[in-house]
Amino acid sequence: MKDVRDFYVKITPINALRVIEESIVTGSISGKVLDVYKRSVGSQEVVVCVIEKFYYRTSNRASLTITLDNLEGDTKVHAVASGGGQGAFLRFDWGAGGNFVDSVRRALENHIVEQ
């Protein structure tokens, strides 16, 4: 299973980012926002956020890149996890990547628009 999730929410990209940061980073010992890039033209916004977190069960850092945009009306959330695997050639991460990317959907579950 790829560690990528796409879904829509009914709040603005900036507000979605606040909810994600509150859920994933605040209260996390190892979670931290590495970068946030924001662009807006009129009422349309695009936000890209990179979060990093240490997973003790894999003894590795995982990265989560989240792109939020309201170019189509509702805010589209595109989340991709990477770097949660062990070893140089095998991408076996014991579920850390999937868990990390699913944390975005869990954080925004009260705002999801069913498509």
# chains A, B, ... in the order shown; residues from 1 in each chain; ligands from 1
>>> select_by_dssp(residues="chain A", states="strand (DSSP E)", output="mmCIF file with C-alpha atoms, in the first residue's frame")
data_model
loop_
_atom_site.group_PDB
_atom_site.id
_atom_site.type_symbol
_atom_site.label_atom_id
_atom_site.label_comp_id
_atom_site.auth_asym_id
_atom_site.auth_seq_id
_atom_site.Cartn_x
_atom_site.Cartn_y
_atom_site.Cartn_z
ATOM 1 C CA VAL A 4 -0.316 8.551 -0.058
ATOM 2 C CA ARG A 5 -3.770 9.869 0.842
ATOM 3 C CA ASP A 6 -6.071 12.278 -1.046
ATOM 4 C CA PHE A 7 -9.345 13.673 0.272
ATOM 5 C CA TYR A 8 -11.311 16.918 0.572
ATOM 6 C CA VAL A 9 -12.255 19.023 3.600
ATOM 7 C CA LYS A 32 8.271 19.008 14.192
ATOM 8 C CA VAL A 33 7.313 21.236 11.265
ATOM 9 C CA LEU A 34 10.327 21.577 8.969
ATOM 10 C CA ASP A 35 8.829 24.039 6.494
ATOM 11 C CA VAL A 36 5.579 25.690 5.416
ATOM 12 C CA TYR A 37 5.181 27.314 2.010
ATOM 13 C CA LYS A 38 2.054 29.429 1.373
ATOM 14 C CA ARG A 39 0.775 31.095 -1.788
ATOM 15 C CA SER A 40 -2.519 32.868 -2.322
ATOM 16 C CA VAL A 41 -4.211 34.662 -5.178
ATOM 17 C CA GLN A 44 -7.432 30.674 -3.642
ATOM 18 C CA GLU A 45 -4.646 29.285 -1.491
ATOM 19 C CA VAL A 46 -1.964 26.625 -1.816
ATOM 20 C CA VAL A 47 -0.088 25.479 1.270
ATOM 21 C CA VAL A 48 2.721 22.916 1.383
ATOM 22 C CA CYS A 49 3.927 21.668 4.760
ATOM 23 C CA VAL A 50 6.720 19.226 5.607
ATOM 24 C CA ILE A 51 6.607 17.511 8.998
ATOM 25 C CA GLU A 52 9.186 15.125 10.424
ATOM 26 C CA LYS A 53 8.720 12.634 13.223
ATOM 27 C CA PHE A 54 10.874 9.987 14.883
ATOM 28 C CA TYR A 55 9.331 6.508 15.106
ATOM 29 C CA ASN A 60 13.963 5.985 12.006
ATOM 30 C CA ARG A 61 12.688 9.415 11.055
ATOM 31 C CA ALA A 62 9.727 9.696 8.731
ATOM 32 C CA SER A 63 8.750 12.720 6.724
ATOM 33 C CA LEU A 64 5.242 13.821 5.824
ATOM 34 C CA THR A 65 4.583 16.258 2.986
ATOM 35 C CA ILE A 66 1.088 17.739 2.899
ATOM 36 C CA THR A 67 -0.269 19.873 0.057
ATOM 37 C CA LEU A 68 -3.504 21.771 0.713
ATOM 38 C CA ASP A 69 -5.320 23.809 -1.937
ATOM 39 C CA ASN A 70 -8.787 25.200 -2.561
ATOM 40 C CA LEU A 71 -8.390 25.619 -6.330
ATOM 41 C CA GLU A 72 -11.521 23.514 -6.955
ATOM 42 C CA ASP A 74 -13.374 22.545 -1.268
ATOM 43 C CA THR A 75 -9.873 22.136 0.119
ATOM 44 C CA LYS A 76 -8.004 19.188 -1.349
ATOM 45 C CA VAL A 77 -5.591 17.425 0.994
ATOM 46 C CA HIS A 78 -2.740 15.426 -0.542
ATOM 47 C CA ALA A 79 -0.476 13.746 2.022
ATOM 48 C CA VAL A 80 2.637 11.656 1.315
ATOM 49 C CA ALA A 81 4.820 9.890 3.886
ATOM 50 C CA SER A 82 8.397 8.855 3.207
ATOM 51 C CA ILE A 112 -14.012 15.684 5.525
ATOM 52 C CA VAL A 113 -16.300 16.110 2.526
#
>>> select_by_dssp(residues="chain A", states="alpha helix (DSSP H)", output="list in words")
Pro13, Ile14, Asn15, Ala16, Leu17, Arg18, Val19, Ile20, Ala96, Gly97, Gly98, Asn99, Phe100, Val101, Asp102, Ser103, Val104, Arg105, Arg106, Ala107 and Leu108 of chain A
>>> atom_distance(atom1="atom CA of Ser23 of chain A", atom2="atom CA of Ala107 of chain A")
5.7 Å
>>> atom_distance(atom1="atom CA of Phe100 of chain A", atom2="atom CA of Gln115 of chain A")
22.8 Å
>>> decode(residues="segment 59-73 of chain A", atoms="all heavy atoms", output="PDB file, in the first residue's frame")
ATOM      1  N   SER A  59      13.060   2.901  14.683  1.00  0.00           N
ATOM      2  CA  SER A  59      14.309   3.638  14.946  1.00  0.00           C
ATOM      3  C   SER A  59      14.705   4.491  13.748  1.00  0.00           C
ATOM      4  O   SER A  59      15.859   4.501  13.324  1.00  0.00           O
ATOM      5  CB  SER A  59      15.445   2.669  15.294  1.00  0.00           C
ATOM      6  OG  SER A  59      15.131   1.975  16.468  1.00  0.00           O
ATOM      7  N   ASN A  60      13.723   5.205  13.209  1.00  0.00           N
ATOM      8  CA  ASN A  60      13.963   5.985  12.006  1.00  0.00           C
ATOM      9  C   ASN A  60      13.067   7.217  11.993  1.00  0.00           C
ATOM     10  O   ASN A  60      12.008   7.234  12.602  1.00  0.00           O
ATOM     11  CB  ASN A  60      13.654   5.122  10.776  1.00  0.00           C
ATOM     12  CG  ASN A  60      14.471   5.519   9.578  1.00  0.00           C
ATOM     13  OD1 ASN A  60      15.117   6.547   9.570  1.00  0.00           O
ATOM     14  ND2 ASN A  60      14.421   4.697   8.548  1.00  0.00           N
ATOM     15  N   ARG A  61      13.501   8.219  11.248  1.00  0.00           N
ATOM     16  CA  ARG A  61      12.688   9.415  11.055  1.00  0.00           C
ATOM     17  C   ARG A  61      11.841   9.237   9.810  1.00  0.00           C
ATOM     18  O   ARG A  61      12.304   8.689   8.815  1.00  0.00           O
ATOM     19  CB  ARG A  61      13.564  10.651  10.897  1.00  0.00           C
ATOM     20  CG  ARG A  61      14.265  11.023  12.163  1.00  0.00           C
ATOM     21  CD  ARG A  61      14.660  12.495  12.163  1.00  0.00           C
ATOM     22  NE  ARG A  61      14.853  12.979  13.499  1.00  0.00           N
ATOM     23  CZ  ARG A  61      13.881  13.375  14.320  1.00  0.00           C
ATOM     24  NH1 ARG A  61      12.641  13.353  13.937  1.00  0.00           N
ATOM     25  NH2 ARG A  61      14.146  13.811  15.528  1.00  0.00           N
ATOM     26  N   ALA A  62      10.620   9.706   9.890  1.00  0.00           N
ATOM     27  CA  ALA A  62       9.727   9.696   8.731  1.00  0.00           C
ATOM     28  C   ALA A  62       9.354  11.132   8.419  1.00  0.00           C
ATOM     29  O   ALA A  62       9.284  11.980   9.308  1.00  0.00           O
ATOM     30  CB  ALA A  62       8.473   8.874   9.013  1.00  0.00           C
ATOM     31  N   SER A  63       9.133  11.389   7.157  1.00  0.00           N
ATOM     32  CA  SER A  63       8.750  12.720   6.724  1.00  0.00           C
ATOM     33  C   SER A  63       7.354  12.662   6.122  1.00  0.00           C
ATOM     34  O   SER A  63       6.972  11.661   5.517  1.00  0.00           O
ATOM     35  CB  SER A  63       9.800  13.213   5.729  1.00  0.00           C
ATOM     36  OG  SER A  63       9.244  13.809   4.625  1.00  0.00           O
ATOM     37  N   LEU A  64       6.604  13.721   6.330  1.00  0.00           N
ATOM     38  CA  LEU A  64       5.242  13.821   5.824  1.00  0.00           C
ATOM     39  C   LEU A  64       5.128  15.141   5.076  1.00  0.00           C
ATOM     40  O   LEU A  64       5.386  16.200   5.641  1.00  0.00           O
ATOM     41  CB  LEU A  64       4.256  13.789   6.990  1.00  0.00           C
ATOM     42  CG  LEU A  64       2.778  13.894   6.695  1.00  0.00           C
ATOM     43  CD1 LEU A  64       2.310  12.707   5.863  1.00  0.00           C
ATOM     44  CD2 LEU A  64       1.987  13.942   7.995  1.00  0.00           C
ATOM     45  N   THR A  65       4.789  15.063   3.792  1.00  0.00           N
ATOM     46  CA  THR A  65       4.583  16.258   2.986  1.00  0.00           C
ATOM     47  C   THR A  65       3.095  16.368   2.705  1.00  0.00           C
ATOM     48  O   THR A  65       2.486  15.437   2.186  1.00  0.00           O
ATOM     49  CB  THR A  65       5.368  16.183   1.668  1.00  0.00           C
ATOM     50  OG1 THR A  65       6.755  15.997   1.963  1.00  0.00           O
ATOM     51  CG2 THR A  65       5.189  17.456   0.848  1.00  0.00           C
ATOM     52  N   ILE A  66       2.523  17.516   3.057  1.00  0.00           N
ATOM     53  CA  ILE A  66       1.088  17.739   2.899  1.00  0.00           C
ATOM     54  C   ILE A  66       0.883  18.952   1.995  1.00  0.00           C
ATOM     55  O   ILE A  66       1.440  20.024   2.256  1.00  0.00           O
ATOM     56  CB  ILE A  66       0.415  18.011   4.256  1.00  0.00           C
ATOM     57  CG1 ILE A  66       0.776  16.910   5.250  1.00  0.00           C
ATOM     58  CG2 ILE A  66      -1.092  18.135   4.091  1.00  0.00           C
ATOM     59  CD1 ILE A  66       0.663  17.344   6.681  1.00  0.00           C
ATOM     60  N   THR A  67       0.104  18.769   0.941  1.00  0.00           N
ATOM     61  CA  THR A  67      -0.269  19.873   0.057  1.00  0.00           C
ATOM     62  C   THR A  67      -1.760  20.113   0.242  1.00  0.00           C
ATOM     63  O   THR A  67      -2.564  19.187   0.146  1.00  0.00           O
ATOM     64  CB  THR A  67       0.036  19.546  -1.411  1.00  0.00           C
ATOM     65  OG1 THR A  67       1.419  19.204  -1.529  1.00  0.00           O
ATOM     66  CG2 THR A  67      -0.278  20.726  -2.314  1.00  0.00           C
ATOM     67  N   LEU A  68      -2.116  21.362   0.510  1.00  0.00           N
ATOM     68  CA  LEU A  68      -3.504  21.771   0.713  1.00  0.00           C
ATOM     69  C   LEU A  68      -3.819  22.872  -0.284  1.00  0.00           C
ATOM     70  O   LEU A  68      -3.065  23.832  -0.393  1.00  0.00           O
ATOM     71  CB  LEU A  68      -3.691  22.306   2.135  1.00  0.00           C
ATOM     72  CG  LEU A  68      -3.211  21.398   3.269  1.00  0.00           C
ATOM     73  CD1 LEU A  68      -2.786  22.211   4.459  1.00  0.00           C
ATOM     74  CD2 LEU A  68      -4.318  20.449   3.639  1.00  0.00           C
ATOM     75  N   ASP A  69      -4.919  22.731  -1.019  1.00  0.00           N
ATOM     76  CA  ASP A  69      -5.320  23.809  -1.937  1.00  0.00           C
ATOM     77  C   ASP A  69      -6.827  23.848  -2.071  1.00  0.00           C
ATOM     78  O   ASP A  69      -7.501  22.840  -1.928  1.00  0.00           O
ATOM     79  CB  ASP A  69      -4.654  23.650  -3.311  1.00  0.00           C
ATOM     80  CG  ASP A  69      -5.262  22.544  -4.146  1.00  0.00           C
ATOM     81  OD1 ASP A  69      -6.411  22.699  -4.614  1.00  0.00           O
ATOM     82  OD2 ASP A  69      -4.595  21.513  -4.337  1.00  0.00           O
ATOM     83  N   ASN A  70      -7.352  25.037  -2.323  1.00  0.00           N
ATOM     84  CA  ASN A  70      -8.787  25.200  -2.561  1.00  0.00           C
ATOM     85  C   ASN A  70      -9.042  25.689  -3.989  1.00  0.00           C
ATOM     86  O   ASN A  70      -9.946  26.480  -4.230  1.00  0.00           O
ATOM     87  CB  ASN A  70      -9.416  26.132  -1.527  1.00  0.00           C
ATOM     88  CG  ASN A  70      -8.851  27.529  -1.550  1.00  0.00           C
ATOM     89  OD1 ASN A  70      -7.898  27.818  -2.269  1.00  0.00           O
ATOM     90  ND2 ASN A  70      -9.437  28.411  -0.757  1.00  0.00           N
ATOM     91  N   LEU A  71      -8.266  25.202  -4.928  1.00  0.00           N
ATOM     92  CA  LEU A  71      -8.390  25.619  -6.330  1.00  0.00           C
ATOM     93  C   LEU A  71      -9.674  25.126  -6.969  1.00  0.00           C
ATOM     94  O   LEU A  71     -10.115  25.680  -7.971  1.00  0.00           O
ATOM     95  CB  LEU A  71      -7.176  25.129  -7.131  1.00  0.00           C
ATOM     96  CG  LEU A  71      -5.809  25.578  -6.603  1.00  0.00           C
ATOM     97  CD1 LEU A  71      -4.691  24.961  -7.427  1.00  0.00           C
ATOM     98  CD2 LEU A  71      -5.712  27.091  -6.592  1.00  0.00           C
ATOM     99  N   GLU A  72     -10.285  24.087  -6.407  1.00  0.00           N
ATOM    100  CA  GLU A  72     -11.521  23.514  -6.955  1.00  0.00           C
ATOM    101  C   GLU A  72     -12.735  23.815  -6.081  1.00  0.00           C
ATOM    102  O   GLU A  72     -13.788  23.217  -6.282  1.00  0.00           O
ATOM    103  CB  GLU A  72     -11.378  21.992  -7.085  1.00  0.00           C
ATOM    104  CG  GLU A  72     -10.213  21.564  -7.934  1.00  0.00           C
ATOM    105  CD  GLU A  72      -9.947  20.079  -7.806  1.00  0.00           C
ATOM    106  OE1 GLU A  72      -9.248  19.674  -6.871  1.00  0.00           O
ATOM    107  OE2 GLU A  72     -10.471  19.334  -8.655  1.00  0.00           O
ATOM    108  N   GLY A  73     -12.607  24.683  -5.116  1.00  0.00           N
ATOM    109  CA  GLY A  73     -13.705  24.965  -4.193  1.00  0.00           C
ATOM    110  C   GLY A  73     -13.358  24.424  -2.820  1.00  0.00           C
ATOM    111  O   GLY A  73     -12.723  25.103  -2.029  1.00  0.00           O
TER     112      GLY A  73
END
